[in-house]
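To be precise, the following lines are data35.cif, and they hold mmCIF, C-alpha atoms.
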```cif
data_coords
#
loop_
_atom_site.label_atom_id
_atom_site.label_comp_id
_atom_site.auth_asym_id
_atom_site.auth_seq_id
_atom_site.Cartn_x
_atom_site.Cartn_y
_atom_site.Cartn_z
CA MET Y 1 104.40 20.34 -33.91
CA PRO Y 2 107.73 18.77 -34.91
CA LEU Y 3 107.77 15.79 -37.17
CA ALA Y 4 108.74 13.27 -34.50
CA GLY Y 5 105.80 14.33 -32.37
CA LEU Y 6 103.48 13.95 -35.33
CA LYS Y 7 104.79 10.48 -36.12
CA CYS Y 8 104.09 9.39 -32.57
CA LEU Y 9 100.44 10.48 -32.76
CA PRO Y 10 98.97 7.24 -34.21
CA ARG Y 11 100.87 5.06 -31.71
CA CYS Y 12 99.80 6.86 -28.59
CA SER Y 13 96.59 8.35 -27.35
CA VAL Y 14 96.02 11.77 -28.87
CA GLN Y 15 94.21 13.05 -25.82
CA SER Y 16 97.14 12.24 -23.55
CA VAL Y 17 99.12 15.41 -22.99
CA SER Y 18 101.95 13.65 -21.23
CA SER Y 19 102.65 11.41 -24.22
CA LEU Y 20 102.70 14.46 -26.50
CA ALA Y 21 105.17 16.16 -24.21
CA LEU Y 22 107.34 13.04 -24.12
CA ALA Y 23 107.35 12.87 -27.92
CA HIS Y 24 108.30 16.54 -28.09
CA ARG Y 25 111.21 15.99 -25.68
CA SER Y 26 112.42 12.97 -27.65
CA HIS Y 27 112.42 15.11 -30.78
CA GLN Y 28 114.42 17.84 -29.11
CA ALA Y 29 116.96 15.23 -27.96
CA SER Y 30 117.63 14.05 -31.54
CA PRO Y 31 119.63 16.69 -33.48
CA TRP Y 32 119.36 14.99 -36.86
CA ARG Y 33 115.57 15.25 -36.79
CA ARG Y 34 115.74 18.87 -35.83
CA ARG Y 35 117.20 19.67 -39.21
CA LEU Y 36 113.98 18.56 -40.97
CA VAL Y 37 112.09 21.58 -39.67
CA LEU Y 38 112.34 24.44 -42.13
CA PRO Y 39 112.69 28.06 -40.98
CA GLY Y 40 109.36 28.96 -42.55
CA ASP Y 41 107.61 26.37 -40.37
CA ALA Y 42 108.53 28.11 -37.09
CA PRO Y 43 105.35 30.28 -36.83
CA ARG Y 44 103.13 27.34 -37.66
CA LEU Y 45 104.87 25.09 -35.10
CA ALA Y 46 104.65 27.80 -32.45
CA SER Y 47 100.93 28.21 -33.11
CA TRP Y 48 100.44 24.45 -32.93
CA LYS Y 49 102.37 24.26 -29.60
CA ALA Y 50 100.32 27.12 -28.19
CA LEU Y 51 97.10 25.36 -29.09
CA LEU Y 52 98.30 22.12 -27.50
CA ASN Y 53 99.38 23.92 -24.33
CA LEU Y 54 96.03 25.67 -24.16
CA LYS Y 55 94.23 22.39 -24.61
CA SER Y 56 96.36 20.67 -21.99
CA HIS Y 57 95.51 23.39 -19.43
CA PRO Y 58 91.77 24.03 -19.83
CA SER Y 59 91.58 25.60 -16.39
CA SER Y 60 93.58 28.57 -17.67
CA ALA Y 61 90.77 29.48 -20.05
CA GLY Y 62 88.80 30.98 -17.17
CA GLY Y 63 85.49 30.89 -19.05
CA ASN Y 64 86.71 33.31 -21.69
CA PRO Y 65 84.88 32.71 -25.02
CA GLU Y 66 88.05 33.40 -27.01
CA ASN Y 67 90.01 30.80 -25.05
CA GLU Y 68 87.19 28.28 -25.44
CA GLU Y 69 87.27 28.90 -29.17
CA GLU Y 70 91.01 28.25 -29.22
CA VAL Y 71 90.51 24.99 -27.34
CA ALA Y 72 87.88 23.92 -29.85
CA LYS Y 73 90.23 24.78 -32.74
CA ALA Y 74 92.98 22.73 -31.12
CA ALA Y 75 90.70 19.72 -30.79
CA ILE Y 76 89.59 19.93 -34.42
CA LEU Y 77 93.14 20.37 -35.67
CA GLU Y 78 94.29 17.44 -33.58
CA LYS Y 79 91.59 15.24 -35.08
CA VAL Y 80 92.45 16.28 -38.63
CA MET Y 81 96.17 15.77 -38.16
CA LYS Y 82 95.56 12.36 -36.68
CA GLY Y 83 93.77 11.27 -39.85
CA ARG Y 84 96.22 12.78 -42.34
CA LEU Y 85 99.75 12.66 -41.03
CA PRO Y 86 100.66 8.94 -40.67
CA ALA Y 87 102.98 8.01 -43.51
CA ASP Y 88 102.25 4.26 -43.30
CA LEU Y 89 98.47 4.45 -43.45
CA MET Y 90 96.89 1.10 -44.26
CA LEU Y 91 94.65 0.95 -47.30
CA ARG Y 92 92.19 -1.80 -48.22
CA CYS Y 93 92.59 -2.87 -51.82
CA THR Y 94 91.15 -5.44 -54.23
CA ILE Y 95 93.61 -6.43 -56.95
CA LEU Y 96 92.77 -7.96 -60.36
CA ASP Y 97 95.47 -9.43 -62.56
CA GLU Y 98 95.89 -9.29 -66.35
CA ASP Y 99 93.48 -12.23 -66.86
CA GLY Y 100 90.69 -10.53 -64.94
CA ALA Y 101 90.97 -12.86 -61.93
CA VAL Y 102 90.81 -11.48 -58.42
CA LYS Y 103 94.14 -11.94 -56.68
CA THR Y 104 93.33 -10.19 -53.40
CA ILE Y 105 90.00 -9.13 -51.89
CA SER Y 106 90.08 -6.27 -49.38
CA GLY Y 107 93.75 -6.80 -48.58
CA GLN Y 108 95.62 -4.50 -46.23
CA PHE Y 109 98.53 -2.62 -47.84
CA ARG Y 110 100.75 0.18 -46.69
CA ARG Y 111 100.74 3.36 -48.65
CA SER Y 112 104.52 3.36 -48.91
CA ASP Y 113 104.50 -0.18 -50.33
CA LEU Y 114 101.92 0.80 -52.94
CA CYS Y 115 103.93 3.87 -53.93
CA ASN Y 116 107.11 1.80 -54.34
CA GLU Y 117 105.41 -1.00 -56.24
CA HIS Y 118 103.52 1.19 -58.71
CA ARG Y 119 106.09 4.01 -58.88
CA LEU Y 120 103.79 6.69 -57.52
CA ASN Y 121 104.30 9.72 -55.36
CA PRO Y 122 102.61 9.80 -51.93
CA ARG Y 123 100.57 12.80 -53.01
CA ASP Y 124 99.07 10.74 -55.85
CA LEU Y 125 97.40 8.45 -53.34
CA ARG Y 126 96.09 11.38 -51.35
CA LYS Y 127 92.98 11.58 -53.54
CA ILE Y 128 92.55 7.82 -53.24
CA ASP Y 129 92.70 7.87 -49.45
CA SER Y 130 89.09 7.39 -48.43
CA ARG Y 131 89.66 8.89 -44.98
CA ILE Y 132 90.03 12.27 -46.65
CA PRO Y 133 86.74 13.61 -48.12
CA ASN Y 134 87.05 14.17 -51.87
CA LEU Y 135 84.19 15.97 -53.57
CA VAL Y 136 85.78 16.72 -56.95
CA PRO Y 137 86.21 13.73 -59.31
CA THR Y 138 89.70 13.40 -60.76
CA ILE Y 139 91.45 11.37 -63.43
CA LEU Y 140 95.22 11.53 -62.95
CA ILE Y 141 97.54 10.18 -65.65
CA ARG Y 142 100.96 9.05 -64.51
CA LYS Y 143 103.86 7.35 -66.24
CA GLU Y 144 102.74 3.76 -65.67
CA ALA Y 145 99.27 4.12 -64.17
CA ILE Y 146 95.96 5.96 -64.29
CA LEU Y 147 94.40 7.08 -61.00
CA ILE Y 148 90.60 7.41 -61.10
CA ASN Y 149 88.54 8.89 -58.29
CA ILE Y 150 84.91 9.30 -59.38
CA LEU Y 151 81.95 8.97 -57.01
CA HIS Y 152 82.10 5.55 -55.32
CA ILE Y 153 85.05 4.23 -57.35
CA ARG Y 154 88.69 4.81 -56.49
CA ALA Y 155 90.95 2.76 -58.69
CA LEU Y 156 94.46 2.50 -60.04
CA VAL Y 157 94.63 1.16 -63.60
CA LYS Y 158 97.83 -0.20 -65.14
CA ALA Y 159 98.62 -2.07 -68.33
CA ASP Y 160 98.11 -5.46 -66.64
CA THR Y 161 96.64 -4.72 -63.19
CA VAL Y 162 93.65 -3.00 -61.65
CA VAL Y 163 93.72 -1.97 -57.99
CA LEU Y 164 90.38 -1.05 -56.43
CA PHE Y 165 90.53 0.91 -53.17
CA ASP Y 166 87.68 0.09 -50.82
CA THR Y 167 85.82 2.92 -49.17
CA TYR Y 168 86.87 3.38 -45.58
CA GLY Y 169 84.35 2.12 -43.03
CA SER Y 170 81.86 0.65 -45.53
CA ASN Y 171 80.91 -2.88 -46.46
CA ASP Y 172 80.55 -4.32 -49.92
CA SER Y 173 77.33 -3.01 -51.37
CA ARG Y 174 75.24 -4.32 -54.21
CA LEU Y 175 76.57 -1.62 -56.53
CA HIS Y 176 80.19 -2.46 -55.74
CA SER Y 177 79.53 -6.19 -56.22
CA ALA Y 178 77.89 -5.57 -59.60
CA PHE Y 179 80.79 -3.36 -60.65
CA LEU Y 180 83.36 -5.97 -59.62
CA TYR Y 181 81.51 -8.70 -61.52
CA HIS Y 182 81.28 -6.57 -64.68
CA LEU Y 183 84.93 -5.58 -64.37
CA GLU Y 184 86.04 -9.21 -64.13
CA HIS Y 185 83.93 -10.18 -67.13
CA ASN Y 186 85.12 -7.23 -69.20
CA LEU Y 187 88.79 -7.85 -68.44
CA LYS Y 188 88.52 -11.53 -69.39
CA VAL Y 189 87.10 -10.69 -72.83
CA ARG Y 190 90.00 -10.24 -75.24
CA GLY Y 191 88.19 -10.52 -78.58
CA GLY Y 192 87.26 -6.85 -78.82
CA GLY Y 193 90.80 -5.72 -79.50
CA SER Y 194 90.73 -2.97 -76.90
CA PRO Y 195 93.72 -2.66 -74.57
CA TYR Y 196 93.51 -3.84 -71.00
CA GLU Y 197 93.38 -0.37 -69.51
CA PHE Y 198 90.58 0.75 -71.85
CA ARG Y 199 88.39 -2.17 -70.83
CA ALA Y 200 88.98 -1.31 -67.19
CA ILE Y 201 88.17 2.37 -67.78
CA GLU Y 202 85.01 1.39 -69.66
CA SER Y 203 83.82 -0.73 -66.73
CA ILE Y 204 84.58 2.05 -64.26
CA LEU Y 205 82.76 4.71 -66.25
CA LEU Y 206 79.85 2.36 -66.89
CA SER Y 207 79.48 1.79 -63.15
CA VAL Y 208 79.61 5.54 -62.55
CA LEU Y 209 76.98 6.10 -65.23
CA SER Y 210 74.75 3.40 -63.75
CA ALA Y 211 75.02 4.97 -60.30
CA LEU Y 212 74.08 8.40 -61.68
CA GLU Y 213 71.14 6.99 -63.64
CA ALA Y 214 69.84 5.06 -60.63
CA GLU Y 215 69.99 8.12 -58.42
CA MET Y 216 68.44 10.22 -61.15
CA VAL Y 217 65.46 7.87 -61.45
CA PHE Y 218 65.03 7.81 -57.68
CA ILE Y 219 65.07 11.61 -57.37
CA ARG Y 220 62.79 12.01 -60.37
CA ASN Y 221 60.18 9.70 -58.82
CA LEU Y 222 60.38 11.52 -55.49
CA VAL Y 223 60.05 14.98 -57.02
CA GLY Y 224 57.41 13.93 -59.53
CA GLY Y 225 55.21 12.36 -56.85
CA LEU Y 226 55.53 15.42 -54.62
CA LEU Y 227 54.67 17.82 -57.44
CA ALA Y 228 51.59 15.74 -58.24
CA GLU Y 229 50.55 15.94 -54.56
CA LEU Y 230 50.99 19.72 -54.55
CA GLU Y 231 48.47 20.02 -57.38
CA ASP Y 232 45.75 18.63 -55.08
CA ASP Y 233 46.72 20.05 -51.69
CA ILE Y 234 49.23 22.59 -50.38
CA ASN Y 235 50.40 22.35 -46.80
CA HIS Y 236 53.45 23.00 -44.65
CA ASP Y 237 54.75 19.40 -44.61
CA LYS Y 238 54.83 19.18 -48.38
CA PHE Y 239 56.75 22.43 -48.56
CA LYS Y 240 59.36 21.02 -46.21
CA ARG Y 241 59.65 17.89 -48.34
CA LEU Y 242 59.97 20.02 -51.46
CA LEU Y 243 62.81 21.98 -49.86
CA HIS Y 244 64.60 18.75 -48.92
CA TYR Y 245 64.18 17.30 -52.41
CA SER Y 246 65.37 20.54 -54.00
CA ARG Y 247 68.58 20.45 -51.98
CA ARG Y 248 69.13 16.81 -52.85
CA LEU Y 249 68.53 17.52 -56.53
CA ALA Y 250 70.96 20.45 -56.49
CA SER Y 251 73.62 18.28 -54.84
CA PHE Y 252 73.12 15.53 -57.40
CA LYS Y 253 73.31 17.96 -60.29
CA ASN Y 254 76.54 19.39 -58.92
CA ARG Y 255 78.12 15.93 -58.62
CA ALA Y 256 77.04 14.95 -62.13
CA ARG Y 257 78.43 18.20 -63.53
CA LEU Y 258 81.73 17.61 -61.78
CA VAL Y 259 81.95 14.16 -63.38
CA GLN Y 260 81.31 15.72 -66.77
CA ASP Y 261 83.97 18.36 -66.14
CA ALA Y 262 86.50 15.67 -65.23
CA LEU Y 263 85.86 13.84 -68.50
CA GLU Y 264 85.95 17.05 -70.52
CA GLU Y 265 89.23 18.04 -68.91
CA VAL Y 266 90.87 14.80 -70.05
CA LEU Y 267 89.39 15.12 -73.54
CA GLU Y 268 90.87 18.59 -73.96
CA GLN Y 269 94.45 17.38 -73.29
CA ASP Y 270 95.99 15.47 -76.19
CA ASP Y 271 99.08 14.63 -74.15
CA ASP Y 272 96.99 13.00 -71.44
CA LEU Y 273 94.99 11.02 -73.97
CA ASN Y 274 98.18 9.78 -75.58
CA ALA Y 275 99.68 8.91 -72.18
CA MET Y 276 96.68 6.74 -71.31
CA TYR Y 277 97.81 4.09 -73.85
CA LEU Y 278 99.65 2.13 -71.17
CA THR Y 279 99.86 -1.13 -73.12
CA ASP Y 280 101.58 0.49 -76.08
CA LYS Y 281 103.87 2.38 -73.71
CA LYS Y 282 104.79 -0.89 -72.00
CA LYS Y 283 105.57 -2.52 -75.36
CA GLY Y 284 107.68 0.45 -76.40
CA ALA Y 285 105.42 1.52 -79.28
CA VAL Y 286 105.76 5.15 -80.33
CA ARG Y 287 102.50 7.07 -80.82
CA GLN Y 288 101.73 10.50 -82.19
CA ASN Y 289 99.83 13.04 -80.10
CA HIS Y 290 96.78 12.88 -82.37
CA GLU Y 291 96.51 9.09 -82.48
CA HIS Y 292 93.94 8.58 -79.73
CA ASP Y 293 90.68 8.12 -81.62
CA GLU Y 294 89.63 4.96 -79.77
CA LEU Y 295 90.03 6.47 -76.32
CA GLU Y 296 88.50 9.77 -77.41
CA VAL Y 297 85.37 8.02 -78.69
CA LEU Y 298 85.08 6.06 -75.44
CA LEU Y 299 85.35 9.14 -73.23
CA GLU Y 300 83.07 11.22 -75.46
CA PHE Y 301 80.35 8.58 -75.26
CA PHE Y 302 80.28 8.64 -71.48
CA SER Y 303 80.63 12.43 -71.43
CA LYS Y 304 77.50 12.77 -73.58
CA GLN Y 305 75.63 10.32 -71.35
CA VAL Y 306 76.54 12.30 -68.25
CA GLU Y 307 75.56 15.51 -70.04
CA GLU Y 308 72.10 14.07 -70.69
CA ILE Y 309 71.75 13.27 -67.00
CA VAL Y 310 72.79 16.83 -66.12
CA ASN Y 311 70.23 18.23 -68.56
CA GLU Y 312 67.51 16.03 -67.11
CA ALA Y 313 68.41 17.20 -63.61
CA GLU Y 314 68.22 20.80 -64.81
CA ASN Y 315 64.77 20.14 -66.32
CA ILE Y 316 63.53 18.67 -63.05
CA GLU Y 317 65.00 21.62 -61.18
CA SER Y 318 63.25 24.06 -63.50
CA ASN Y 319 59.96 22.17 -62.94
CA VAL Y 320 60.45 22.45 -59.19
CA GLN Y 321 61.15 26.18 -59.47
CA SER Y 322 58.11 26.69 -61.70
CA THR Y 323 55.95 24.78 -59.23
CA GLN Y 324 57.28 26.87 -56.37
CA GLU Y 325 56.51 30.08 -58.25
CA ILE Y 326 52.99 28.88 -59.11
CA VAL Y 327 52.36 27.83 -55.51
CA GLU Y 328 53.56 31.22 -54.30
CA LEU Y 329 51.21 32.92 -56.77
CA ILE Y 330 48.30 30.78 -55.55
CA LEU Y 331 49.10 31.59 -51.93
CA ASP Y 332 49.42 35.28 -52.75
CA SER Y 333 46.08 35.16 -54.57
CA ASN Y 334 44.40 33.49 -51.58
CA ARG Y 335 46.00 36.01 -49.24
CA ASN Y 336 44.74 38.87 -51.40
CA ALA Y 337 41.26 37.33 -51.45
CA LEU Y 338 41.22 37.18 -47.65
CA LEU Y 339 42.40 40.78 -47.44
CA ALA Y 340 39.71 41.82 -49.91
CA LEU Y 341 37.08 40.03 -47.85
CA ASP Y 342 38.27 41.85 -44.77
CA LEU Y 343 38.08 45.16 -46.58
CA LYS Y 344 34.57 44.40 -47.83
CA VAL Y 345 33.40 43.64 -44.31
CA SER Y 346 35.02 46.87 -43.10
CA ILE Y 347 33.34 48.86 -45.87
CA LEU Y 348 29.92 47.37 -45.09
CA THR Y 349 30.48 48.13 -41.42
CA MET Y 350 31.35 51.71 -42.39
CA GLY Y 351 28.12 51.95 -44.40
CA LEU Y 352 26.03 50.70 -41.51
CA GLY Y 353 27.82 53.14 -39.22
CA SER Y 354 27.08 56.06 -41.51
CA GLY Y 355 23.39 55.05 -41.59
CA ALA Y 356 23.35 54.72 -37.82
CA LEU Y 357 24.68 58.29 -37.62
CA VAL Y 358 21.22 59.63 -38.47
CA ALA Y 359 19.62 57.53 -35.73
CA GLY Y 360 22.28 58.77 -33.33
CA LEU Y 361 21.45 62.37 -34.14
CA PHE Y 362 17.78 61.84 -33.41
CA GLY Y 363 18.57 59.99 -30.22
CA MET Y 364 20.09 63.02 -28.51
CA ASN Y 365 16.75 63.94 -26.83
CA LEU Y 366 16.74 67.33 -28.54
CA GLN Y 367 13.64 68.91 -30.05
CA SER Y 368 13.62 68.78 -33.85
CA HIS Y 369 9.88 69.43 -34.40
CA LEU Y 370 9.72 66.17 -36.36
CA GLU Y 371 8.28 64.11 -33.53
CA GLU Y 372 4.69 65.16 -34.39
CA MET Y 373 4.99 64.37 -38.11
CA PRO Y 374 3.29 61.05 -39.00
CA TYR Y 375 5.76 60.09 -41.73
CA ALA Y 376 8.98 61.25 -40.08
CA PHE Y 377 10.02 57.74 -38.89
CA ALA Y 378 9.61 56.21 -42.36
CA ALA Y 379 11.37 59.12 -44.02
CA MET Y 380 14.35 59.02 -41.63
CA THR Y 381 14.59 55.23 -42.00
CA ALA Y 382 14.67 55.56 -45.77
CA VAL Y 383 17.29 58.31 -45.61
CA SER Y 384 19.47 56.27 -43.23
CA ALA Y 385 19.25 53.19 -45.44
CA ALA Y 386 20.08 55.27 -48.52
CA ILE Y 387 23.13 56.81 -46.82
CA ALA Y 388 24.34 53.39 -45.68
CA ALA Y 389 23.82 51.87 -49.12
CA PHE Y 390 25.56 54.77 -50.87
CA ALA Y 391 28.56 54.65 -48.51
CA ALA Y 392 28.90 50.88 -48.94
CA TRP Y 393 28.54 51.13 -52.73
CA ALA Y 394 31.13 53.89 -52.98
CA GLY Y 395 33.62 51.96 -50.86
CA LEU Y 396 33.13 48.70 -52.81
CA TRP Y 397 33.39 50.52 -56.15
CA ARG Y 398 36.64 52.15 -55.09
CA LEU Y 399 37.99 48.81 -53.88
CA ALA Y 400 37.14 47.22 -57.22
CA ARG Y 401 39.00 49.98 -59.06
CA ILE Y 402 42.08 49.51 -56.87
CA ARG Y 403 42.09 45.71 -57.25
CA LYS Y 404 42.00 45.98 -61.05
CA VAL Y 405 45.66 45.34 -61.96
CA GLY Y 406 47.16 45.67 -65.44
CA LEU Y 407 50.56 45.36 -67.03
CA THR Y 408 50.62 49.08 -67.88
CA SER Y 409 50.47 52.12 -65.65
CA SER Y 410 47.28 54.02 -64.88
CA GLN Y 411 48.27 57.01 -67.01
CA THR Y 412 48.87 54.76 -70.01
CA THR Y 413 45.54 52.99 -69.39
CA ASN Y 414 43.62 56.24 -69.18
CA ARG Y 415 45.30 57.55 -72.33
CA VAL Y 416 44.51 54.40 -74.29
CA SER Y 417 40.92 54.28 -73.02
CA ASP Y 418 40.31 57.84 -74.24
CA PRO Y 419 39.67 57.76 -78.02
CA LYS Y 420 40.39 61.47 -78.43
CA SER Y 421 43.88 61.19 -76.95
CA ARG Y 422 44.97 58.41 -79.31
CA ALA Y 423 47.52 59.40 -81.97
CA PRO Y 424 46.67 58.46 -85.56
CA TRP Y 425 48.25 55.23 -86.70
CA ILE Y 426 51.04 55.67 -89.23
CA PRO Y 427 52.91 52.80 -90.93
CA LEU Y 428 56.39 52.20 -89.59
CA PRO Y 429 58.29 53.26 -92.75
CA LEU Y 430 56.53 56.65 -92.69
CA ARG Y 431 57.33 57.35 -89.05
CA ARG Y 432 60.17 59.54 -87.91
CA ARG Y 433 62.58 58.21 -85.29
CA THR Y 434 63.69 60.49 -82.45
CA PHE Y 435 65.72 60.03 -79.29
CA SER Y 436 62.57 59.18 -77.31
CA GLY Y 437 61.32 56.59 -79.84
CA TRP Y 438 59.23 56.48 -83.00
CA SER Y 439 56.86 59.41 -83.56
#
```
Structure rendered as structure tokens:
Amino acid sequence: MPLAGLKCLPRCSVQSVSSLALAHRSHQASPWRRRLVLPGDAPRLASWKALLNLKSHPSSAGGNPENEEEVAKAAILEKVMKGRLPADLMLRCTILDEDGAVKTISGQFRRSDLCNEHRLNPRDLRKIDSRIPNLVPTILIRKEAILINILHIRALVKADTVVLFDTYGSNDSRLHSAFLYHLEHNLKVRGGGSPYEFRAIESILLSVLSALEAEMVFIRNLVGGLLAELEDDINHDKFKRLLHYSRRLASFKNRARLVQDALEEVLEQDDDLNAMYLTDKKKGAVRQNHEHDELEVLLEFFSKQVEEIVNEAENIESNVQSTQEIVELILDSNRNALLALDLKVSILTMGLGSGALVAGLFGMNLQSHLEEMPYAFAAMTAVSAAIAAFAAWAGLWRLARIRKVGLTSSQTTNRVSDPKSRAPWIPLPLRRRTFSGWS
């Protein structure tokens, strides 16, 4: 869509097709705006117009799945563009001055005003915009400011000002209140000798570390309690809980590792570390690229702390995987025991059937000249019982041989069990090495 049509989106209803058409006509009537559209944007604008036309005429879809898919794409694209395109998006900010006092709490500011005041590019605030989901933590160093976007904190740090961007659609939580209190207290303390921006960065990273530790303790208690329950009883509900906790643990470990990567990325760049001395830059002091020991120690401390949290998450994840493997082995063992019981019953039934074969032969009403013998019944009973017992014993013995599992193959087991087939033992230095091994 042309730029004028996009600018009119936040002022009018997005679902109104007539307003979109009116905005498009107004753009076509203004020749100076038409020059802003680059030649390379023509295919994209044509695709966008086609999607809007398809959405505005749903009856033309005719129940075709492809057309319905296009309508769904148009609706999703419209929703995304509505959240991203306005140039004067309002942001809620809390501002602290150089003395650590709060000047503004949750004030409404335009993005353009913030960019002009702090000499930033609009794309710099794109990661700060809470309406856009940001999963990767970032620390951006600019000429007069440091942009930090880590977990629940999105801040702009300058040599004498800290701007905290509130999360869109959320209220002040206990964690945010504790962070704001600690930040005010840390900025008011001037006896440590650290610059203003370093004290702000320390408070931010300390809040991030506290959030990670709190979540780590919570997940550890959940997983530990569930693993203790699995030792006593194994059922379907506990397996579902274990799957849910495993996903949550993997997500937490990923977020903690991304925080560590963000800190390591800054530590690897000497130019960025030197550019983070905003107070000295404001005073006009000249610094060498290697003169950043204070900041390097600060970032390394928090990087090591986050690394410990990542290692602990990995240990918990390995415990969960080990428990899952052990539970699977237990279930496989129980399943094998049930199968073995079924086979034993089948073998005993086969033995009884083989013994009943003799009785079936004599029940054919044929003359066998054994009817007049006084001991024929006892003899046939004994023979039938012996046949049944032998058949059952042979089947159970064969089953026991099959169930005997070893780490080596049957040929190797038979060769080792036979004393005559064993090769004489020779010390390793006296052996001769061949392509197939030592002989």
(request) Please provide as a PyMOL selection string all residues within 12 Å of Phe390 (chain Y), with the sequence filter that same-chain residues fewer than 3 positions apart are discarded (counting all atoms listed in the file). (result) chain Y and resi 347-348+350-355+383-387+393-397
Could you save the residues just selected, with C-alpha atoms, as an mmCIF file, keeping the file's coordinate frame?
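Result file is out28.cif:
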```
data_model
loop_
_atom_site.group_PDB
_atom_site.id
_atom_site.type_symbol
_atom_site.label_atom_id
_atom_site.label_comp_id
_atom_site.auth_asym_id
_atom_site.auth_seq_id
_atom_site.Cartn_x
_atom_site.Cartn_y
_atom_site.Cartn_z
ATOM 1 C CA ILE Y 347 33.340 48.860 -45.870
ATOM 2 C CA LEU Y 348 29.920 47.370 -45.090
ATOM 3 C CA MET Y 350 31.350 51.710 -42.390
ATOM 4 C CA GLY Y 351 28.120 51.950 -44.400
ATOM 5 C CA LEU Y 352 26.030 50.700 -41.510
ATOM 6 C CA GLY Y 353 27.820 53.140 -39.220
ATOM 7 C CA SER Y 354 27.080 56.060 -41.510
ATOM 8 C CA GLY Y 355 23.390 55.050 -41.590
ATOM 9 C CA VAL Y 383 17.290 58.310 -45.610
ATOM 10 C CA SER Y 384 19.470 56.270 -43.230
ATOM 11 C CA ALA Y 385 19.250 53.190 -45.440
ATOM 12 C CA ALA Y 386 20.080 55.270 -48.520
ATOM 13 C CA ILE Y 387 23.130 56.810 -46.820
ATOM 14 C CA TRP Y 393 28.540 51.130 -52.730
ATOM 15 C CA ALA Y 394 31.130 53.890 -52.980
ATOM 16 C CA GLY Y 395 33.620 51.960 -50.860
ATOM 17 C CA LEU Y 396 33.130 48.700 -52.810
ATOM 18 C CA TRP Y 397 33.390 50.520 -56.150
#
```
Mind giving me the straight-line distance from CA of Pro137 (chain Y) to CA of Ala262 (chain Y) in Å, one decimal?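 Separation between CA of Pro137 (chain Y) and CA of Ala262 (chain Y): 6.2 Å.
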Handout entry: 10 Å contact set for Thr349 (chain Y), all atoms listed in the file, chain neighbours under 6 positions out, as a ChimeraX atom specification
Key = /Y:343,355,388,391-392
Next, the residues of the selection above should be written as a tab-separated table (two decimals), in the frame of the given file with C-alpha atoms.
```
chain	number	residue	atom	x	y	z
Y	343	LEU	CA	38.08	45.16	-46.58
Y	355	GLY	CA	23.39	55.05	-41.59
Y	388	ALA	CA	24.34	53.39	-45.68
Y	391	ALA	CA	28.56	54.65	-48.51
Y	392	ALA	CA	28.90	50.88	-48.94
```
*Residue IDs satisfying the PyMOL selection byres ((chain Y and resi 156) around 9), as a PyMOL selection string*: chain Y and resi 128+145-149+154-155+157-158+161-165
Pairwise distance for CA of Arg199 (chain Y) and CA of His185 (chain Y), rounded to one decimal in Å
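CA of His185 (chain Y) lies 9.9 Å from CA of Arg199 (chain Y).
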Determine the nearest neighbour of Lys238 (chain Y) from the options Y:Val327, Y:Ala376, Y:Val297, Y:Ala72, counting all atoms listed in the file.
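For Lys238 (chain Y), the nearest of the given residues is Y:Val327.
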